[in-house]
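File shown: input28.csv (CSV, C-alpha atoms).
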chain,number,residue,atom,x,y,z
A,1,MET,CA,42.9,94.9,51.7
A,2,ASP,CA,44.0,98.3,52.8
A,3,ALA,CA,47.4,100.0,53.2
A,4,GLN,CA,47.9,98.7,56.7
A,5,SER,CA,47.0,95.0,56.1
A,6,ALA,CA,49.9,93.8,54.0
A,7,PRO,CA,51.3,90.9,56.0
A,8,LEU,CA,54.6,89.1,55.1
A,9,ASN,CA,53.9,85.6,56.4
A,10,ARG,CA,53.6,82.0,55.3
A,11,GLN,CA,50.6,82.9,53.2
A,12,THR,CA,52.7,85.3,51.3
A,13,VAL,CA,55.2,82.6,50.5
A,14,ARG,CA,52.4,80.2,49.6
A,15,LEU,CA,50.9,82.7,47.2
A,16,PHE,CA,54.3,83.3,45.7
A,17,VAL,CA,54.9,79.6,45.1
A,18,GLN,CA,51.4,79.2,43.7
A,19,ALA,CA,51.9,82.1,41.3
A,20,VAL,CA,55.1,80.6,39.9
A,21,LYS,CA,53.5,77.1,39.8
A,22,HIS,CA,50.6,78.4,37.8
A,23,LEU,CA,53.0,79.9,35.2
A,24,LEU,CA,55.0,76.8,35.0
A,25,THR,CA,51.9,74.6,34.4
A,26,SER,CA,50.2,76.9,31.9
A,27,GLU,CA,50.1,76.7,28.1
A,28,VAL,CA,53.3,78.9,27.9
A,29,ARG,CA,55.2,76.5,30.3
A,30,ARG,CA,57.7,75.4,27.6
A,31,ARG,CA,58.8,78.9,26.8
A,32,ALA,CA,58.8,79.9,30.5
A,33,ILE,CA,60.9,76.9,31.5
A,34,GLY,CA,63.2,77.4,28.6
A,35,LEU,CA,63.8,81.0,29.5
A,36,LEU,CA,64.3,80.1,33.2
A,37,LEU,CA,66.9,77.5,32.2
A,38,LEU,CA,68.7,80.0,30.1
A,39,LEU,CA,68.7,82.5,33.0
A,40,LEU,CA,70.1,79.8,35.3
A,41,LEU,CA,72.8,78.9,32.7
A,42,PHE,CA,73.8,82.5,32.2
A,43,ALA,CA,73.9,83.1,36.0
A,44,LEU,CA,76.1,80.0,36.4
A,45,ALA,CA,78.3,81.3,33.6
A,46,VAL,CA,78.8,84.7,35.1
A,47,ASN,CA,79.4,83.4,38.6
A,48,GLY,CA,81.5,80.6,37.4
A,49,SER,CA,83.8,82.8,35.4
A,50,GLN,CA,84.1,85.2,38.3
A,51,ARG,CA,85.1,82.3,40.6
A,52,ARG,CA,87.5,80.9,38.0
A,53,TRP,CA,89.2,84.3,37.6
A,54,GLN,CA,89.3,84.7,41.4
A,55,LEU,CA,91.0,81.3,41.8
A,56,ARG,CA,93.5,82.0,39.1
A,57,ARG,CA,94.7,85.3,40.7
A,58,PRO,CA,98.0,84.7,42.5
B,59,MET,CA,104.1,86.9,43.2
B,60,THR,CA,102.6,88.7,40.3
B,61,ALA,CA,103.8,88.9,36.7
B,62,ILE,CA,104.6,92.6,37.2
B,63,ALA,CA,106.7,91.9,40.4
B,64,GLN,CA,108.5,89.2,38.6
B,65,ARG,CA,109.0,91.5,35.5
B,66,ASP,CA,107.6,88.8,33.4
B,67,MET,CA,106.4,90.7,30.3
B,68,ALA,CA,105.0,87.6,28.5
B,69,GLY,CA,103.1,86.4,31.5
B,70,PHE,CA,101.7,89.9,32.1
B,71,PHE,CA,100.4,90.2,28.6
B,72,ARG,CA,99.0,86.7,28.7
B,73,LEU,CA,97.1,87.5,31.9
B,74,VAL,CA,95.9,90.9,30.5
B,75,THR,CA,94.6,89.1,27.4
B,76,LEU,CA,92.9,86.5,29.5
B,77,TYR,CA,91.3,89.2,31.7
B,78,VAL,CA,90.0,91.1,28.6
B,79,ALA,CA,88.6,87.8,27.1
B,80,VAL,CA,86.8,86.9,30.4
B,81,PHE,CA,85.5,90.5,30.7
B,82,GLY,CA,84.2,90.5,27.1
B,83,ALA,CA,82.6,87.1,27.5
B,84,THR,CA,81.0,88.1,30.8
B,85,THR,CA,79.6,91.2,29.2
B,86,VAL,CA,78.0,89.3,26.4
B,87,VAL,CA,76.6,86.8,28.8
B,88,ALA,CA,75.2,89.6,31.0
B,89,VAL,CA,73.5,91.2,28.0
B,90,PHE,CA,71.9,87.9,27.1
B,91,TYR,CA,70.9,87.4,30.7
B,92,ARG,CA,69.2,90.8,30.8
B,93,PHE,CA,67.5,90.0,27.5
B,94,CYS,CA,66.1,86.7,28.8
B,95,GLU,CA,65.0,88.4,32.0
B,96,GLU,CA,63.0,91.0,30.0
B,97,ARG,CA,61.5,88.3,27.8
B,98,MET,CA,60.5,86.2,30.7
B,99,GLY,CA,58.9,89.3,32.4
B,100,LEU,CA,56.9,90.0,29.2
B,101,LEU,CA,55.9,86.4,28.8
B,102,TRP,CA,54.6,86.2,32.4
B,103,ARG,CA,52.9,89.6,32.2
B,104,SER,CA,51.1,88.9,28.9
B,105,TRP,CA,50.0,85.4,30.0
B,106,LEU,CA,48.7,86.6,33.4
B,107,THR,CA,47.0,89.7,31.9
B,108,ARG,CA,45.2,87.5,29.3
B,109,ARG,CA,44.1,85.1,32.0
B,110,VAL,CA,42.8,87.9,34.3
B,111,VAL,CA,41.0,89.6,31.4
B,112,GLU,CA,39.3,86.4,30.5
B,113,ARG,CA,38.0,86.0,34.0
B,114,TYR,CA,37.1,89.7,34.2
B,115,LEU,CA,34.9,89.4,31.1
B,116,ASP,CA,33.5,86.0,32.0
B,117,GLN,CA,29.9,85.9,33.3
B,118,ARG,CA,29.8,89.7,33.6
B,119,THR,CA,32.2,89.8,36.4
B,120,TYR,CA,33.1,93.4,35.5
B,121,LEU,CA,29.5,94.4,36.1
B,122,ARG,CA,29.4,92.8,39.6
B,123,LEU,CA,32.8,94.3,40.5
B,124,LYS,CA,31.6,97.8,39.5
B,125,ASP,CA,29.0,97.7,42.3
B,126,SER,CA,31.4,96.0,44.7
B,127,ALA,CA,33.3,98.1,47.2
B,128,GLN,CA,35.9,95.4,47.9
B,129,ILE,CA,37.9,95.8,44.8
B,130,ASP,CA,38.5,99.3,43.5
B,131,ASN,CA,39.9,100.2,40.1
B,132,PRO,CA,40.0,96.7,38.4
B,133,ASP,CA,41.6,98.3,35.3
B,134,GLN,CA,44.5,99.4,37.4
B,135,ARG,CA,44.9,95.9,38.9
B,136,ILE,CA,44.9,94.4,35.4
B,137,THR,CA,47.5,96.7,34.0
B,138,GLU,CA,49.7,98.2,36.6
B,139,ASP,CA,49.5,95.7,39.4
B,140,ILE,CA,50.2,92.7,37.1
B,141,ARG,CA,53.2,94.5,35.7
B,142,ALA,CA,54.5,95.3,39.2
B,143,PHE,CA,53.8,91.8,40.4
B,144,THR,CA,55.5,90.0,37.5
B,145,THR,CA,58.6,92.2,37.3
B,146,THR,CA,59.1,92.3,41.1
B,147,THR,CA,58.6,88.6,41.5
B,148,LEU,CA,60.9,87.7,38.7
B,149,SER,CA,63.5,90.2,39.9
B,150,PHE,CA,63.2,88.7,43.4
B,151,MET,CA,63.7,85.2,42.1
B,152,LEU,CA,66.7,86.1,40.1
B,153,VAL,CA,68.3,88.2,42.9
B,154,PHE,CA,67.8,85.1,45.2
B,155,LEU,CA,69.4,82.8,42.6
B,156,ASN,CA,72.3,85.1,41.9
B,157,SER,CA,73.0,85.7,45.6
B,158,THR,CA,72.9,81.9,46.3
B,159,LEU,CA,75.3,81.2,43.4
B,160,ALA,CA,77.6,84.1,44.4
B,161,ALA,CA,77.6,82.9,48.0
B,162,LEU,CA,78.4,79.3,46.9
B,163,SER,CA,81.1,80.5,44.5
B,164,PHE,CA,83.0,82.8,46.9
B,165,ALA,CA,82.4,81.0,50.3
B,166,GLY,CA,85.2,78.6,49.6
B,167,VAL,CA,87.6,81.4,48.5
B,168,LEU,CA,86.7,83.5,51.6
B,169,TRP,CA,87.2,80.4,53.9
B,170,THR,CA,90.6,79.8,52.5
B,171,ILE,CA,91.6,83.4,53.2
B,172,SER,CA,90.3,83.4,56.8
B,173,PRO,CA,87.4,81.4,58.4
B,174,LEU,CA,86.8,84.4,60.8
B,175,LEU,CA,86.4,86.7,57.7
B,176,PHE,CA,83.8,84.2,56.4
B,177,PHE,CA,81.7,84.3,59.6
B,178,VAL,CA,82.0,88.1,59.8
B,179,ALA,CA,80.8,88.4,56.1
B,180,VAL,CA,77.9,86.1,56.8
B,181,GLY,CA,76.9,88.0,60.0
B,182,TYR,CA,77.2,91.3,58.2
B,183,ALA,CA,75.0,90.1,55.3
B,184,GLY,CA,72.5,88.6,57.8
B,185,LEU,CA,72.3,91.8,59.8
B,186,GLY,CA,71.8,93.8,56.7
B,187,THR,CA,69.0,91.6,55.5
B,188,LEU,CA,67.3,91.7,58.9
B,189,MET,CA,67.5,95.6,59.0
B,190,THR,CA,66.1,95.7,55.4
B,191,VAL,CA,63.1,93.5,56.4
B,192,LEU,CA,62.4,95.5,59.5
B,193,LEU,CA,62.8,98.9,57.9
B,194,GLY,CA,61.2,98.0,54.6
B,195,ARG,CA,58.0,96.4,56.1
B,196,PRO,CA,56.0,99.7,56.3
B,197,LEU,CA,56.9,100.3,52.6
B,198,VAL,CA,54.6,97.4,51.5
B,199,GLY,CA,51.6,99.2,52.8
B,200,LEU,CA,52.8,102.6,51.6
B,201,ASN,CA,53.4,101.2,48.1
B,202,TYR,CA,49.9,99.7,48.1
B,203,ALA,CA,48.4,103.1,49.2
B,204,GLN,CA,50.4,104.9,46.5
B,205,SER,CA,49.2,102.5,43.7
B,206,SER,CA,45.6,102.9,44.9
B,207,ARG,CA,45.8,106.8,45.0
B,208,GLU,CA,47.4,106.8,41.5
B,209,ALA,CA,44.6,104.6,40.2
B,210,ASP,CA,42.0,106.9,41.8
B,211,PHE,CA,43.7,109.9,40.2
B,212,ARG,CA,43.7,108.3,36.8
B,213,ALA,CA,40.1,107.2,37.1
B,214,THR,CA,39.1,110.7,38.0
B,215,LEU,CA,40.9,112.2,35.0
B,216,VAL,CA,39.3,109.6,32.7
B,217,HIS,CA,35.9,110.6,34.2
B,218,LEU,CA,36.8,114.2,33.4
B,219,GLY,CA,37.6,113.4,29.8
B,220,GLU,CA,34.4,111.4,29.3
B,221,ASN,CA,32.2,114.1,30.9
B,222,ALA,CA,34.1,117.1,29.8
B,223,GLU,CA,31.1,119.0,28.5
B,224,SER,CA,28.9,118.5,31.6
B,225,VAL,CA,31.8,119.3,33.9
B,226,ALA,CA,32.5,122.5,32.0
B,227,LEU,CA,28.9,123.6,32.0
B,228,SER,CA,28.4,122.9,35.7
B,229,ARG,CA,31.8,124.3,36.5
B,230,GLN,CA,32.7,121.3,38.7
B,231,GLU,CA,36.5,121.4,38.1
B,232,GLY,CA,37.2,121.7,41.8
B,233,GLY,CA,35.6,122.6,45.1
B,234,SER,CA,32.3,120.8,45.5
B,235,GLY,CA,32.7,118.5,42.5
B,236,ARG,CA,34.8,115.3,42.3
B,237,GLY,CA,37.9,117.2,43.2
B,238,TYR,CA,39.9,116.9,40.0
B,239,CYS,CA,42.8,119.0,41.3
B,240,THR,CA,43.5,116.5,44.1
B,241,GLY,CA,42.3,113.3,42.4
B,242,SER,CA,39.9,112.6,45.3
B,243,THR,CA,36.5,111.4,44.5
B,244,SER,CA,33.5,112.6,46.4
B,245,SER,CA,30.8,110.8,44.4
Encoding of this model in structure tokens:
Amino acid sequence: MDAQSAPLNRQTVRLFVQAVKHLLTSEVRRRAIGLLLLLLLFALAVNGSQRRWQLRRP
Amino acid sequence: MTAIAQRDMAGFFRLVTLYVAVFGATTVVAVFYRFCEERMGLLWRSWLTRRVVERYLDQRTYLRLKDSAQIDNPDQRITEDIRAFTTTTLSFMLVFLNSTLAALSFAGVLWTISPLLFFVAVGYAGLGTLMTVLLGRPLVGLNYAQSSREADFRATLVHLGENAESVALSRQEGGSGRGYCTGSTSS
């Protein structure tokens, strides 16, 4: 691969999904899934509190 | 009508207290969020590095790669490229997640204000994304070239350190030698 041949296509997406899948099926999957769930929870908390505050504003 | 406009002192302080509480809680959550992101990046990087090193050492792959012209600087790929890959991928995933949640959270609010405003915002965001993809596409190749050049430069300096005496004796610091000043390798 050289500097010019860096395509952004379906294969890029496939490799991206594969990379994530490999991590989530590895021996560290429990910690990885736990951290991802925490990140999802925190993201929901931040966005949820923003929305709640937005709706409360008169 | 706001509490200030209504001259409602109790209501004003109640809302200020609520704002400070929400702001404080959000800050704490944001700190934990950042902590989890860093931990996740480290976990992914250490796992992937271990896996790649195992395959690199298995069945003398390192020896075959040394003679192969297809993959240059495997040490660079194991250290820097894995770091860049894991942090960038994780960052991309989280940005996508946050953007989706923010869009879902505020789409309803925007729609209640004005449906036209909602469509203008979506169009504006879509146009911005399209421009970013089009303008940023050449950066992928440039980034790759930069990493490769940096790896060559580091490898050249490591070579200089390992062969300091012979380089000094033959005065090959620049010119006809490996080109230590520029990082280019001629041998």
Q | Å distance separating atom CA of Val20 of chain A from atom CA of Leu36 of chain A, one decimal place | A | 11.4 Å
Long-range neighbours of Phe150 of chain B as a JSON list (two decimals) with C-alpha atoms, in the coordinates of the input, 12 Å cut-off, all atoms listed in the file, 5 positions minimum in chain:
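Final output, saved to out01.json:
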[["chain", "number", "residue", "atom", "x", "y", "z"],
["A", 16, "PHE", "CA", 54.30, 83.30, 45.70],
["A", 20, "VAL", "CA", 55.10, 80.60, 39.90],
["B", 95, "GLU", "CA", 65.00, 88.40, 32.00],
["B", 99, "GLY", "CA", 58.90, 89.30, 32.40],
["B", 142, "ALA", "CA", 54.50, 95.30, 39.20],
["B", 143, "PHE", "CA", 53.80, 91.80, 40.40],
["B", 144, "THR", "CA", 55.50, 90.00, 37.50],
["B", 145, "THR", "CA", 58.60, 92.20, 37.30],
["B", 155, "LEU", "CA", 69.40, 82.80, 42.60],
["B", 156, "ASN", "CA", 72.30, 85.10, 41.90],
["B", 157, "SER", "CA", 73.00, 85.70, 45.60]]
Q: Give me, please, the distance in Å between atom CA of Arg72 of chain B and atom CA of Leu41 of chain A, quoted to one decimal.
A: 27.6 Å
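Across the model, the gap from atom CA of Val180 of chain B to atom CA of Asn9 of chain A is 24.0 Å.
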Proximity of chain B to chain A: per-residue shortest pair, 9 Å limit, all atoms listed in the file, as a tab-separated table:
residue	atom	partner	partner_atom	distance
B:Met59	CA	A:Pro58	CA	6.5
B:Thr60	CA	A:Pro58	CA	6.5
B:Tyr77	CA	A:Trp53	CA	8.0
B:Val80	CA	A:Ser49	CA	7.1
B:Ala83	CA	A:Val46	CA	8.8
B:Thr84	CA	A:Val46	CA	5.9
B:Thr85	CA	A:Val46	CA	8.8
B:Val87	CA	A:Phe42	CA	6.2
B:Ala88	CA	A:Val46	CA	7.3
B:Phe90	CA	A:Phe42	CA	7.7
B:Tyr91	CA	A:Leu39	CA	5.8
B:Arg92	CA	A:Leu39	CA	8.6
B:Cys94	CA	A:Leu35	CA	6.2
B:Glu95	CA	A:Leu39	CA	7.0
B:Arg97	CA	A:Leu35	CA	7.8
B:Met98	CA	A:Leu35	CA	6.3
B:Leu101	CA	A:Ala32	CA	7.3
B:Trp102	CA	A:Leu23	CA	7.1
B:Trp105	CA	A:Val28	CA	7.6
B:Leu106	CA	A:Leu23	CA	8.2
B:Gln128	CA	A:Met1	CA	8.0
B:Ile129	CA	A:Met1	CA	8.6
B:Thr147	CA	A:Phe16	CA	8.0
B:Leu152	CA	A:Leu39	CA	8.2
B:Leu155	CA	A:Leu40	CA	7.9
B:Asn156	CA	A:Ala43	CA	6.4
B:Leu159	CA	A:Asn47	CA	6.7
B:Ala160	CA	A:Asn47	CA	6.1
B:Ser163	CA	A:Arg51	CA	5.9
B:Phe164	CA	A:Arg51	CA	6.7
B:Val167	CA	A:Leu55	CA	7.5
B:Arg195	CA	A:Leu8	CA	8.1
B:Pro196	CA	A:Gln4	CA	8.2
B:Val198	CA	A:Ala6	CA	6.4
B:Gly199	CA	A:Ala3	CA	4.3
B:Leu200	CA	A:Ala3	CA	6.2
B:Asn201	CA	A:Ala3	CA	8.0
B:Tyr202	CA	A:Ala3	CA	5.7
B:Ala203	CA	A:Ala3	CA	5.2
B:Gln204	CA	A:Ala3	CA	8.8
B:Ser206	CA	A:Ala3	CA	9.0
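Restricting the calculation to only C-alpha atoms, the smallest distance between Ile136 of chain B and any of B:Leu76, B:Val225, B:Ala209, B:Val86 is found for B:Ala209.
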